[in-house]
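Source file: run33.pdb; contents: PDB, C-alpha atoms.
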ATOM      1  CA  GLY A 268       0.000   0.000   0.000  1.00  0.00           C
ATOM      2  CA  ASP A 269       0.902   3.681   0.127  1.00  0.00           C
ATOM      3  CA  ASP A 270       1.181   3.774   3.922  1.00  0.00           C
ATOM      4  CA  ARG A 271       4.642   4.672   5.096  1.00  0.00           C
ATOM      5  CA  TRP A 272       6.033   4.570   8.596  1.00  0.00           C
ATOM      6  CA  VAL A 273       9.362   4.705  10.392  1.00  0.00           C
ATOM      7  CA  GLY A 274      10.653   3.189  13.576  1.00  0.00           C
ATOM      8  CA  GLY A 275      13.822   3.285  15.592  1.00  0.00           C
ATOM      9  CA  GLY A 276      15.340   4.327  18.855  1.00  0.00           C
ATOM     10  CA  ALA A 277      18.412   4.235  21.058  1.00  0.00           C
ATOM     11  CA  ASP A 278      18.839   2.336  24.292  1.00  0.00           C
ATOM     12  CA  LEU A 279      21.790   1.655  26.570  1.00  0.00           C
ATOM     13  CA  THR A 280      22.552  -1.832  27.900  1.00  0.00           C
ATOM     14  CA  PRO A 281      25.614  -1.559  30.163  1.00  0.00           C
ATOM     15  CA  ALA A 282      26.964  -4.266  32.428  1.00  0.00           C
ATOM     16  CA  TYR A 283      27.236  -1.789  35.308  1.00  0.00           C
ATOM     17  CA  LEU A 284      25.141   1.215  36.250  1.00  0.00           C
ATOM     18  CA  HIS A 285      26.890   4.584  36.377  1.00  0.00           C
ATOM     19  CA  ASP A 286      24.587   7.459  37.238  1.00  0.00           C
ATOM     20  CA  ASP A 287      26.635   9.987  35.261  1.00  0.00           C
ATOM     21  CA  ASP A 288      26.361   7.867  32.122  1.00  0.00           C
ATOM     22  CA  ALA A 289      22.631   7.471  32.600  1.00  0.00           C
ATOM     23  CA  ARG A 290      22.165  11.209  33.101  1.00  0.00           C
ATOM     24  CA  TRP A 291      24.101  11.948  29.954  1.00  0.00           C
ATOM     25  CA  PHE A 292      22.268   9.391  27.841  1.00  0.00           C
ATOM     26  CA  HIS A 293      18.710  10.205  28.905  1.00  0.00           C
ATOM     27  CA  ARG A 294      19.164  13.958  28.739  1.00  0.00           C
ATOM     28  CA  PHE A 295      20.849  13.677  25.352  1.00  0.00           C
ATOM     29  CA  TRP A 296      17.839  11.899  23.825  1.00  0.00           C
ATOM     30  CA  ARG A 297      15.398  14.190  25.549  1.00  0.00           C
ATOM     31  CA  ASP A 298      17.108  17.104  23.779  1.00  0.00           C
ATOM     32  CA  VAL A 299      16.985  15.322  20.426  1.00  0.00           C
ATOM     33  CA  CYS A 300      13.265  14.686  20.819  1.00  0.00           C
ATOM     34  CA  GLU A 301      12.606  18.273  21.847  1.00  0.00           C
ATOM     35  CA  GLN A 302      14.106  19.448  18.564  1.00  0.00           C
ATOM     36  CA  HIS A 303      11.352  17.453  16.807  1.00  0.00           C
ATOM     37  CA  ALA A 304       8.546  18.148  19.252  1.00  0.00           C
ATOM     38  CA  HIS A 305       5.918  18.142  16.498  1.00  0.00           C
ATOM     39  CA  CYS A 306       6.382  14.386  16.027  1.00  0.00           C
ATOM     40  CA  ALA A 307       8.621  13.141  18.856  1.00  0.00           C
ATOM     41  CA  ASP A 308       7.288  12.851  22.400  1.00  0.00           C
ATOM     42  CA  HIS A 309      10.237  12.038  24.654  1.00  0.00           C
ATOM     43  CA  LYS A 310       8.134  10.976  27.643  1.00  0.00           C
ATOM     44  CA  ARG A 311       6.107   8.592  25.491  1.00  0.00           C
ATOM     45  CA  PHE A 312       9.152   7.236  23.655  1.00  0.00           C
ATOM     46  CA  LYS A 313      11.050   6.689  26.906  1.00  0.00           C
ATOM     47  CA  GLU A 314       8.158   4.782  28.460  1.00  0.00           C
ATOM     48  CA  TRP A 315       7.783   2.841  25.220  1.00  0.00           C
ATOM     49  CA  CYS A 316      11.465   1.887  25.416  1.00  0.00           C
ATOM     50  CA  ASP A 317      11.127   0.719  29.014  1.00  0.00           C
ATOM     51  CA  SER A 318       8.157  -1.493  28.167  1.00  0.00           C
ATOM     52  CA  TYR A 319       9.561  -2.794  24.875  1.00  0.00           C
ATOM     53  CA  PHE A 320      13.042  -3.889  25.978  1.00  0.00           C
ATOM     54  CA  TYR A 321      11.694  -6.193  28.652  1.00  0.00           C
ATOM     55  CA  LEU A 322      12.283  -9.901  29.226  1.00  0.00           C
ATOM     56  CA  PRO A 323       9.003 -11.282  30.579  1.00  0.00           C
ATOM     57  CA  SER A 324      10.545 -14.721  31.150  1.00  0.00           C
ATOM     58  CA  ARG A 325      12.966 -13.124  33.626  1.00  0.00           C
ATOM     59  CA  ARG A 326      10.773 -10.221  34.708  1.00  0.00           C
ATOM     60  CA  GLU A 327      13.582  -7.763  34.151  1.00  0.00           C
ATOM     61  CA  HIS A 328      14.500  -5.022  31.725  1.00  0.00           C
ATOM     62  CA  ARG A 329      17.361  -5.454  29.284  1.00  0.00           C
ATOM     63  CA  GLY A 330      19.196  -2.265  30.211  1.00  0.00           C
ATOM     64  CA  ILE A 331      18.705   1.306  31.421  1.00  0.00           C
ATOM     65  CA  GLY A 332      16.368   2.381  28.610  1.00  0.00           C
ATOM     66  CA  GLY A 333      16.440   5.293  26.208  1.00  0.00           C
ATOM     67  CA  ILE A 334      13.873   5.955  23.497  1.00  0.00           C
ATOM     68  CA  PHE A 335      11.917   3.656  21.199  1.00  0.00           C
ATOM     69  CA  PHE A 336       9.229   4.307  18.595  1.00  0.00           C
ATOM     70  CA  ASP A 337       7.531   2.427  15.795  1.00  0.00           C
ATOM     71  CA  ASP A 338       4.820   2.956  13.177  1.00  0.00           C
ATOM     72  CA  LEU A 339       5.553   6.683  13.231  1.00  0.00           C
ATOM     73  CA  ASN A 340       4.063   8.524  10.253  1.00  0.00           C
ATOM     74  CA  ALA A 341       3.469  12.097  11.454  1.00  0.00           C
ATOM     75  CA  ASN A 342       4.853  15.015   9.476  1.00  0.00           C
ATOM     76  CA  GLY A 343       8.585  15.264  10.023  1.00  0.00           C
ATOM     77  CA  SER A 344       8.979  11.619  11.067  1.00  0.00           C
ATOM     78  CA  VAL A 345      11.550  10.806   8.395  1.00  0.00           C
ATOM     79  CA  LYS A 346      13.669  13.810   9.367  1.00  0.00           C
ATOM     80  CA  PHE A 347      13.432  12.771  13.001  1.00  0.00           C
ATOM     81  CA  VAL A 348      14.507   9.179  12.394  1.00  0.00           C
ATOM     82  CA  ARG A 349      17.439  10.384  10.313  1.00  0.00           C
ATOM     83  CA  ASP A 350      18.482  12.642  13.162  1.00  0.00           C
ATOM     84  CA  VAL A 351      18.256   9.706  15.569  1.00  0.00           C
ATOM     85  CA  ALA A 352      20.607   7.724  13.327  1.00  0.00           C
ATOM     86  CA  GLU A 353      23.058  10.618  13.097  1.00  0.00           C
ATOM     87  CA  GLN A 354      23.079  11.156  16.863  1.00  0.00           C
ATOM     88  CA  LEU A 355      23.647   7.531  17.897  1.00  0.00           C
ATOM     89  CA  MET A 356      27.419   7.784  18.057  1.00  0.00           C
ATOM     90  CA  PRO A 357      27.502  11.240  19.700  1.00  0.00           C
ATOM     91  CA  SER A 358      25.238   9.854  22.438  1.00  0.00           C
ATOM     92  CA  TYR A 359      27.511   6.888  23.074  1.00  0.00           C
ATOM     93  CA  LEU A 360      31.140   7.851  22.402  1.00  0.00           C
ATOM     94  CA  PRO A 361      31.557  10.069  25.510  1.00  0.00           C
ATOM     95  CA  ILE A 362      30.488   7.091  27.658  1.00  0.00           C
ATOM     96  CA  VAL A 363      33.011   4.838  25.939  1.00  0.00           C
ATOM     97  CA  ALA A 364      35.731   7.443  26.412  1.00  0.00           C
ATOM     98  CA  ALA A 365      34.925   7.669  30.114  1.00  0.00           C
ATOM     99  CA  ARG A 366      34.973   3.922  30.771  1.00  0.00           C
ATOM    100  CA  ARG A 367      37.325   2.280  28.302  1.00  0.00           C
ATOM    101  CA  GLU A 368      40.441   2.554  30.457  1.00  0.00           C
ATOM    102  CA  GLU A 369      38.876   1.455  33.725  1.00  0.00           C
ATOM    103  CA  PRO A 370      40.469  -1.738  35.099  1.00  0.00           C
ATOM    104  CA  PHE A 371      38.335  -4.859  35.458  1.00  0.00           C
ATOM    105  CA  ASP A 372      38.781  -8.358  36.853  1.00  0.00           C
ATOM    106  CA  GLU A 373      37.644 -11.759  35.657  1.00  0.00           C
ATOM    107  CA  LEU A 374      34.452 -11.706  37.756  1.00  0.00           C
ATOM    108  CA  GLN A 375      33.422  -8.443  36.112  1.00  0.00           C
ATOM    109  CA  ARG A 376      34.220  -9.865  32.672  1.00  0.00           C
ATOM    110  CA  GLN A 377      32.023 -12.896  33.332  1.00  0.00           C
ATOM    111  CA  TRP A 378      29.214 -10.629  34.517  1.00  0.00           C
ATOM    112  CA  GLN A 379      29.519  -8.602  31.313  1.00  0.00           C
ATOM    113  CA  LEU A 380      29.159 -11.775  29.245  1.00  0.00           C
ATOM    114  CA  GLU A 381      26.075 -12.776  31.237  1.00  0.00           C
ATOM    115  CA  ARG A 382      24.475  -9.382  30.617  1.00  0.00           C
ATOM    116  CA  ARG A 383      25.244  -9.822  26.926  1.00  0.00           C
ATOM    117  CA  GLY A 384      23.259 -13.031  27.195  1.00  0.00           C
ATOM    118  CA  ARG A 385      20.230 -10.982  28.198  1.00  0.00           C
ATOM    119  CA  TYR A 386      20.719  -8.882  25.074  1.00  0.00           C
ATOM    120  CA  LEU A 387      20.785 -11.969  22.872  1.00  0.00           C
ATOM    121  CA  GLU A 388      17.782 -13.507  24.626  1.00  0.00           C
ATOM    122  CA  PHE A 389      15.706 -10.450  23.887  1.00  0.00           C
ATOM    123  CA  ASN A 390      16.755 -10.258  20.251  1.00  0.00           C
ATOM    124  CA  LEU A 391      16.009 -13.891  19.530  1.00  0.00           C
ATOM    125  CA  LEU A 392      12.832 -14.265  21.569  1.00  0.00           C
ATOM    126  CA  TYR A 393      11.061 -10.913  21.509  1.00  0.00           C
ATOM    127  CA  ASP A 394      12.512  -8.334  19.147  1.00  0.00           C
ATOM    128  CA  ARG A 395      10.103  -7.250  16.439  1.00  0.00           C
ATOM    129  CA  GLY A 396      12.883  -6.091  14.126  1.00  0.00           C
ATOM    130  CA  VAL A 397      14.578  -9.498  14.189  1.00  0.00           C
ATOM    131  CA  ARG A 398      11.304 -11.253  13.403  1.00  0.00           C
ATOM    132  CA  PHE A 399      10.625  -8.740  10.654  1.00  0.00           C
ATOM    133  CA  GLY A 400      13.999  -9.493   9.089  1.00  0.00           C
ATOM    134  CA  LEU A 401      13.695 -13.250   9.410  1.00  0.00           C
ATOM    135  CA  GLU A 402      10.200 -13.341   7.968  1.00  0.00           C
ATOM    136  CA  GLY A 403      11.311 -11.258   4.994  1.00  0.00           C
ATOM    137  CA  GLY A 404      13.142 -14.268   3.658  1.00  0.00           C
ATOM    138  CA  GLU A 405      15.623 -12.245   1.607  1.00  0.00           C
ATOM    139  CA  GLY A 406      19.381 -12.415   1.879  1.00  0.00           C
ATOM    140  CA  PRO A 407      21.536 -14.577   4.149  1.00  0.00           C
ATOM    141  CA  LEU A 408      20.530 -15.258   7.735  1.00  0.00           C
ATOM    142  CA  GLU A 409      23.798 -13.742   8.917  1.00  0.00           C
ATOM    143  CA  ARG A 410      22.545 -10.270   8.031  1.00  0.00           C
ATOM    144  CA  ILE A 411      20.298 -10.602  11.084  1.00  0.00           C
ATOM    145  CA  MET A 412      22.591 -12.525  13.396  1.00  0.00           C
ATOM    146  CA  VAL A 413      25.589 -10.202  13.084  1.00  0.00           C
ATOM    147  CA  SER A 414      23.839  -7.870  15.524  1.00  0.00           C
ATOM    148  CA  ALA A 415      24.480 -10.431  18.287  1.00  0.00           C
ATOM    149  CA  PRO A 416      27.457 -10.003  20.632  1.00  0.00           C
ATOM    150  CA  PRO A 417      30.377 -12.214  19.562  1.00  0.00           C
ATOM    151  CA  LEU A 418      30.723 -13.702  23.058  1.00  0.00           C
ATOM    152  CA  VAL A 419      27.984 -14.413  25.617  1.00  0.00           C
ATOM    153  CA  ARG A 420      27.646 -16.550  28.735  1.00  0.00           C
ATOM    154  CA  TRP A 421      24.952 -18.175  30.829  1.00  0.00           C
ATOM    155  CA  ALA A 422      25.427 -19.533  34.345  1.00  0.00           C
ATOM    156  CA  TYR A 423      22.823 -21.804  35.902  1.00  0.00           C
ATOM    157  CA  LYS A 424      21.034 -20.162  38.836  1.00  0.00           C
ATOM    158  CA  ARG A 425      23.846 -17.702  39.341  1.00  0.00           C
ATOM    159  CA  MET A 426      22.962 -14.761  41.569  1.00  0.00           C
ATOM    160  CA  PRO A 427      25.370 -11.908  42.342  1.00  0.00           C
ATOM    161  CA  ALA A 428      26.591 -11.439  45.886  1.00  0.00           C
ATOM    162  CA  GLU A 429      24.300  -9.375  48.079  1.00  0.00           C
ATOM    163  CA  GLY A 430      25.466  -5.783  48.308  1.00  0.00           C
ATOM    164  CA  SER A 431      27.635  -6.015  45.197  1.00  0.00           C
ATOM    165  CA  GLU A 432      27.489  -3.684  42.211  1.00  0.00           C
ATOM    166  CA  GLU A 433      26.127  -6.563  40.165  1.00  0.00           C
ATOM    167  CA  ALA A 434      23.292  -7.170  42.627  1.00  0.00           C
ATOM    168  CA  GLY A 435      22.420  -3.468  42.631  1.00  0.00           C
ATOM    169  CA  TYR A 436      22.278  -3.355  38.855  1.00  0.00           C
ATOM    170  CA  LEU A 437      20.110  -6.480  38.723  1.00  0.00           C
ATOM    171  CA  ARG A 438      17.664  -4.930  41.192  1.00  0.00           C
ATOM    172  CA  PHE A 439      17.630  -1.837  39.038  1.00  0.00           C
ATOM    173  CA  CYS A 440      16.813  -3.865  35.907  1.00  0.00           C
ATOM    174  CA  ILE A 441      13.889  -5.403  37.746  1.00  0.00           C
ATOM    175  CA  ALA A 442      12.592  -2.103  39.106  1.00  0.00           C
ATOM    176  CA  LEU A 443      13.833   0.279  36.375  1.00  0.00           C
ATOM    177  CA  GLU A 444      13.505   3.476  38.386  1.00  0.00           C
ATOM    178  CA  ILE A 445      15.835   5.516  36.225  1.00  0.00           C
ATOM    179  CA  GLY A 446      14.930   8.652  34.327  1.00  0.00           C
ATOM    180  CA  VAL A 447      15.608  12.334  33.893  1.00  0.00           C
ATOM    181  CA  ARG A 448      13.571  13.147  36.990  1.00  0.00           C
ATOM    182  CA  ARG A 449      15.778  10.933  39.139  1.00  0.00           C
ATOM    183  CA  PHE A 450      18.806  13.053  38.290  1.00  0.00           C
ATOM    184  CA  PRO A 451      18.186  16.738  39.207  1.00  0.00           C
ATOM    185  CA  THR A 452      21.540  17.920  37.832  1.00  0.00           C
ATOM    186  CA  ARG A 453      22.523  20.408  35.148  1.00  0.00           C
ATOM    187  CA  LEU A 454      21.063  19.923  31.704  1.00  0.00           C
ATOM    188  CA  TYR A 455      23.074  18.919  28.679  1.00  0.00           C
ATOM    189  CA  SER A 456      21.560  20.635  25.665  1.00  0.00           C
ATOM    190  CA  LEU A 457      22.332  20.101  22.008  1.00  0.00           C
ATOM    191  CA  ASN A 458      21.221  23.655  21.379  1.00  0.00           C
ATOM    192  CA  ASP A 459      23.996  25.235  23.434  1.00  0.00           C
ATOM    193  CA  ARG A 460      26.890  24.528  21.049  1.00  0.00           C
ATOM    194  CA  SER A 461      27.822  22.872  17.789  1.00  0.00           C
ATOM    195  CA  HIS A 462      30.439  20.671  19.443  1.00  0.00           C
ATOM    196  CA  TRP A 463      29.986  19.899  23.093  1.00  0.00           C
ATOM    197  CA  HIS A 464      32.313  18.370  25.636  1.00  0.00           C
ATOM    198  CA  SER A 465      31.599  15.846  28.335  1.00  0.00           C
ATOM    199  CA  ALA A 466      33.637  16.157  31.501  1.00  0.00           C
ATOM    200  CA  LEU A 467      35.441  12.866  32.016  1.00  0.00           C
ATOM    201  CA  ARG A 468      37.984  11.744  34.539  1.00  0.00           C
ATOM    202  CA  ASN A 469      41.413  10.366  33.855  1.00  0.00           C
ATOM    203  CA  ARG A 470      42.442   7.275  35.763  1.00  0.00           C
ATOM    204  CA  ASP A 471      44.372   9.489  38.180  1.00  0.00           C
ATOM    205  CA  GLY A 472      41.122  11.282  39.046  1.00  0.00           C
ATOM    206  CA  ARG A 473      41.833  14.557  37.276  1.00  0.00           C
ATOM    207  CA  LEU A 474      39.198  15.971  34.976  1.00  0.00           C
ATOM    208  CA  ARG A 475      39.852  15.975  31.263  1.00  0.00           C
ATOM    209  CA  LYS A 476      37.761  17.047  28.313  1.00  0.00           C
ATOM    210  CA  VAL A 477      36.773  14.779  25.460  1.00  0.00           C
ATOM    211  CA  GLU A 478      35.254  16.441  22.435  1.00  0.00           C
ATOM    212  CA  CYS A 479      32.511  14.539  20.674  1.00  0.00           C
ATOM    213  CA  ARG A 480      32.044  15.862  17.180  1.00  0.00           C
ATOM    214  CA  GLY A 481      28.894  15.264  15.263  1.00  0.00           C
ATOM    215  CA  ALA A 482      26.309  17.254  17.164  1.00  0.00           C
ATOM    216  CA  ARG A 483      23.808  19.345  15.301  1.00  0.00           C
ATOM    217  CA  LYS A 484      25.101  22.749  14.273  1.00  0.00           C
TER     218      LYS A 484
END

For the structure just supplied, provide its representation as structure tokens.
Amino acid sequence: GDDRWVGGGADLTPAYLHDDDARWFHRFWRDVCEQHAHCADHKRFKEWCDSYFYLPSRREHRGIGGIFFDDLNANGSVKFVRDVAEQLMPSYLPIVAARREEPFDELQRQWQLERRGRYLEFNLLYDRGVRFGLEGGEGPLERIMVSAPPLVRWAYKRMPAEGSEEAGYLRFCIALEIGVRRFPTRLYSLNDRSHWHSALRNRDGRLRKVECRGARK
């Protein structure tokens, strides 16, 4: 038919919860949505993301959320979804820059692989986009499966130690209390500058600046 629609989003699925990263990510996508207020409702898209990326078999959310939308056909929808695609890396690279040099041990690595397992479970069991691609029947199957993490892990009845960071993050994924309102700190706005900086800490604790190019001019 002639009906056209777009869908997309951006969500964050870390192995550990860092409030600063969550603040950055949620406020970033709120600002993107506000630039397309005629067709993008951040509150609705955030709630949609929380409900969509959910594993009912485990009764927990896949990550810390973000935005999600589908079947969007209002005026300006195509421009909005293009902007979402262009802003994916700017929303994520400052987080990578902040965390990539942090030391980790084998227990933390195993936990990361287990959380990746949750990501794969969702994609294979519940994700509409994966089903859409598989049912299309065109092209090799690998075009769908390459989105999976290269390494994952499952451990039978494994529960993190009480009081650990892992246990806190698991409780968070069950409750999912995060959001802009939980973090009453300064706003990060895409409208303030063409290239913005996130304040990140070196391993010695001193602040450094990492420039993330690609924001809207």

Expansion of the PyMOL selection byres ((chain A and resi 336-344) around 7) into residues, as a PyMOL selection string: chain A and resi 271-276+306+312+315+334-335+345-348

Proximity to Ser431 in chain A - best of A:Asp288, A:Ile362, A:Arg385, A:Trp378, only C-alpha atoms: A:Trp378

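Shortest atom-to-atom contact with Ala415 in chain A among A:Leu380, A:Leu284, A:Ala442, A:Val351: A:Leu380, counting only C-alpha atoms.
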
Which of A:Ala277, A:Ala289, A:Met412, A:Leu418 sits closest to Leu355 in chain A [using only C-alpha atoms]: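 Smallest distance to Leu355 in chain A is found for A:Ala277.
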
Using all atoms listed in the file: which of A:Ala307, A:Arg349, A:Gly430, A:Tyr319 has the shortest distance to Arg395 in chain A: A:Tyr319

Pairwise distance for CA of Gly332 in chain A and CA of Phe320 in chain A, rounded to one decimal in Å: 7.6 Å

Atom pair CA of Cys316 in chain A / CA of Gly333 in chain A: separation (Å):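 CA of Gly333 in chain A lies 6.1 Å from CA of Cys316 in chain A.
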
Nearest candidate to Pro427 in chain A (options A:Ile441, A:Leu387, A:Val413, A:Leu374; using all atoms listed in the file):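 That would be A:Leu374, the residue with the smallest distance to Pro427 in chain A.
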
Contacts of Ala282 in chain A at 9 Å (only C-alpha atoms; same-chain gap of 5+ positions) as a ChimeraX atom specification: /A:330,375,378-383,433,436

Using only C-alpha atoms, please write the residues we just selected to a file, as a PDB file, in the coordinates of the input.
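File written: result14.pdb
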ATOM      1  CA  GLY A 330      19.196  -2.265  30.211  1.00  0.00           C
ATOM      2  CA  GLN A 375      33.422  -8.443  36.112  1.00  0.00           C
ATOM      3  CA  TRP A 378      29.214 -10.629  34.517  1.00  0.00           C
ATOM      4  CA  GLN A 379      29.519  -8.602  31.313  1.00  0.00           C
ATOM      5  CA  LEU A 380      29.159 -11.775  29.245  1.00  0.00           C
ATOM      6  CA  GLU A 381      26.075 -12.776  31.237  1.00  0.00           C
ATOM      7  CA  ARG A 382      24.475  -9.382  30.617  1.00  0.00           C
ATOM      8  CA  ARG A 383      25.244  -9.822  26.926  1.00  0.00           C
ATOM      9  CA  GLU A 433      26.127  -6.563  40.165  1.00  0.00           C
ATOM     10  CA  TYR A 436      22.278  -3.355  38.855  1.00  0.00           C
TER      11      TYR A 436
END

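The result of the PyMOL selection byres ((chain A and resi 439) around 12) on the shown file is Pro281, Ala282, Tyr283, Leu284, His285, Asp286, Arg326, Glu327, His328, Arg329, Gly330, Ile331, Gly332, Glu432, Glu433, Ala434, Gly435, Tyr436, Leu437, Arg438, Cys440, Ile441, Ala442, Leu443, Glu444, Ile445 and Gly446 of chain A.
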
C-alpha atoms of the current selection, written as a short mmCIF file (atom, residue, chain, number, x, y, z; two decimals), keeping the file's coordinate frame:
data_model
loop_
_atom_site.label_atom_id
_atom_site.label_comp_id
_atom_site.auth_asym_id
_atom_site.auth_seq_id
_atom_site.Cartn_x
_atom_site.Cartn_y
_atom_site.Cartn_z
CA PRO A 281 25.61 -1.56 30.16
CA ALA A 282 26.96 -4.27 32.43
CA TYR A 283 27.24 -1.79 35.31
CA LEU A 284 25.14 1.22 36.25
CA HIS A 285 26.89 4.58 36.38
CA ASP A 286 24.59 7.46 37.24
CA ARG A 326 10.77 -10.22 34.71
CA GLU A 327 13.58 -7.76 34.15
CA HIS A 328 14.50 -5.02 31.72
CA ARG A 329 17.36 -5.45 29.28
CA GLY A 330 19.20 -2.26 30.21
CA ILE A 331 18.70 1.31 31.42
CA GLY A 332 16.37 2.38 28.61
CA GLU A 432 27.49 -3.68 42.21
CA GLU A 433 26.13 -6.56 40.16
CA ALA A 434 23.29 -7.17 42.63
CA GLY A 435 22.42 -3.47 42.63
CA TYR A 436 22.28 -3.36 38.85
CA LEU A 437 20.11 -6.48 38.72
CA ARG A 438 17.66 -4.93 41.19
CA CYS A 440 16.81 -3.86 35.91
CA ILE A 441 13.89 -5.40 37.75
CA ALA A 442 12.59 -2.10 39.11
CA LEU A 443 13.83 0.28 36.38
CA GLU A 444 13.50 3.48 38.39
CA ILE A 445 15.84 5.52 36.22
CA GLY A 446 14.93 8.65 34.33
#

Because the input lacks atoms here, generate N, CA and C atoms for range 387-401 of chain A and report them as a PDB file, keeping the file's coordinate frame.
ATOM      1  N   LEU A 387      21.063 -10.976  23.911  1.00  0.00           N
ATOM      2  CA  LEU A 387      20.785 -11.969  22.872  1.00  0.00           C
ATOM      3  C   LEU A 387      19.433 -12.631  23.087  1.00  0.00           C
ATOM      4  N   GLU A 388      19.090 -12.919  24.339  1.00  0.00           N
ATOM      5  CA  GLU A 388      17.782 -13.507  24.626  1.00  0.00           C
ATOM      6  C   GLU A 388      16.663 -12.629  24.079  1.00  0.00           C
ATOM      7  N   PHE A 389      16.761 -11.346  24.354  1.00  0.00           N
ATOM      8  CA  PHE A 389      15.706 -10.450  23.887  1.00  0.00           C
ATOM      9  C   PHE A 389      15.623 -10.451  22.366  1.00  0.00           C
ATOM     10  N   ASN A 390      16.762 -10.327  21.709  1.00  0.00           N
ATOM     11  CA  ASN A 390      16.755 -10.258  20.251  1.00  0.00           C
ATOM     12  C   ASN A 390      16.138 -11.502  19.632  1.00  0.00           C
ATOM     13  N   LEU A 391      16.475 -12.651  20.141  1.00  0.00           N
ATOM     14  CA  LEU A 391      16.009 -13.891  19.530  1.00  0.00           C
ATOM     15  C   LEU A 391      14.569 -14.234  19.900  1.00  0.00           C
ATOM     16  N   LEU A 392      14.152 -13.858  21.098  1.00  0.00           N
ATOM     17  CA  LEU A 392      12.832 -14.265  21.569  1.00  0.00           C
ATOM     18  C   LEU A 392      11.743 -13.219  21.358  1.00  0.00           C
ATOM     19  N   TYR A 393      12.100 -11.931  21.433  1.00  0.00           N
ATOM     20  CA  TYR A 393      11.061 -10.913  21.509  1.00  0.00           C
ATOM     21  C   TYR A 393      11.167  -9.772  20.504  1.00  0.00           C
ATOM     22  N   ASP A 394      12.328  -9.544  19.940  1.00  0.00           N
ATOM     23  CA  ASP A 394      12.512  -8.334  19.147  1.00  0.00           C
ATOM     24  C   ASP A 394      11.718  -8.361  17.848  1.00  0.00           C
ATOM     25  N   ARG A 395      10.932  -7.334  17.637  1.00  0.00           N
ATOM     26  CA  ARG A 395      10.103  -7.250  16.439  1.00  0.00           C
ATOM     27  C   ARG A 395      10.951  -7.085  15.179  1.00  0.00           C
ATOM     28  N   GLY A 396      12.030  -6.312  15.282  1.00  0.00           N
ATOM     29  CA  GLY A 396      12.883  -6.091  14.126  1.00  0.00           C
ATOM     30  C   GLY A 396      13.541  -7.366  13.639  1.00  0.00           C
ATOM     31  N   VAL A 397      13.977  -8.223  14.579  1.00  0.00           N
ATOM     32  CA  VAL A 397      14.578  -9.498  14.189  1.00  0.00           C
ATOM     33  C   VAL A 397      13.550 -10.372  13.487  1.00  0.00           C
ATOM     34  N   ARG A 398      12.348 -10.453  14.048  1.00  0.00           N
ATOM     35  CA  ARG A 398      11.304 -11.253  13.403  1.00  0.00           C
ATOM     36  C   ARG A 398      10.976 -10.706  12.023  1.00  0.00           C
ATOM     37  N   PHE A 399      10.919  -9.382  11.924  1.00  0.00           N
ATOM     38  CA  PHE A 399      10.625  -8.740  10.654  1.00  0.00           C
ATOM     39  C   PHE A 399      11.669  -9.132   9.607  1.00  0.00           C
ATOM     40  N   GLY A 400      12.941  -9.134  10.011  1.00  0.00           N
ATOM     41  CA  GLY A 400      13.999  -9.493   9.089  1.00  0.00           C
ATOM     42  C   GLY A 400      13.979 -10.958   8.709  1.00  0.00           C
ATOM     43  N   LEU A 401      13.721 -11.815   9.693  1.00  0.00           N
ATOM     44  CA  LEU A 401      13.695 -13.250   9.410  1.00  0.00           C
ATOM     45  C   LEU A 401      12.522 -13.630   8.521  1.00  0.00           C
TER      46      LEU A 401
END
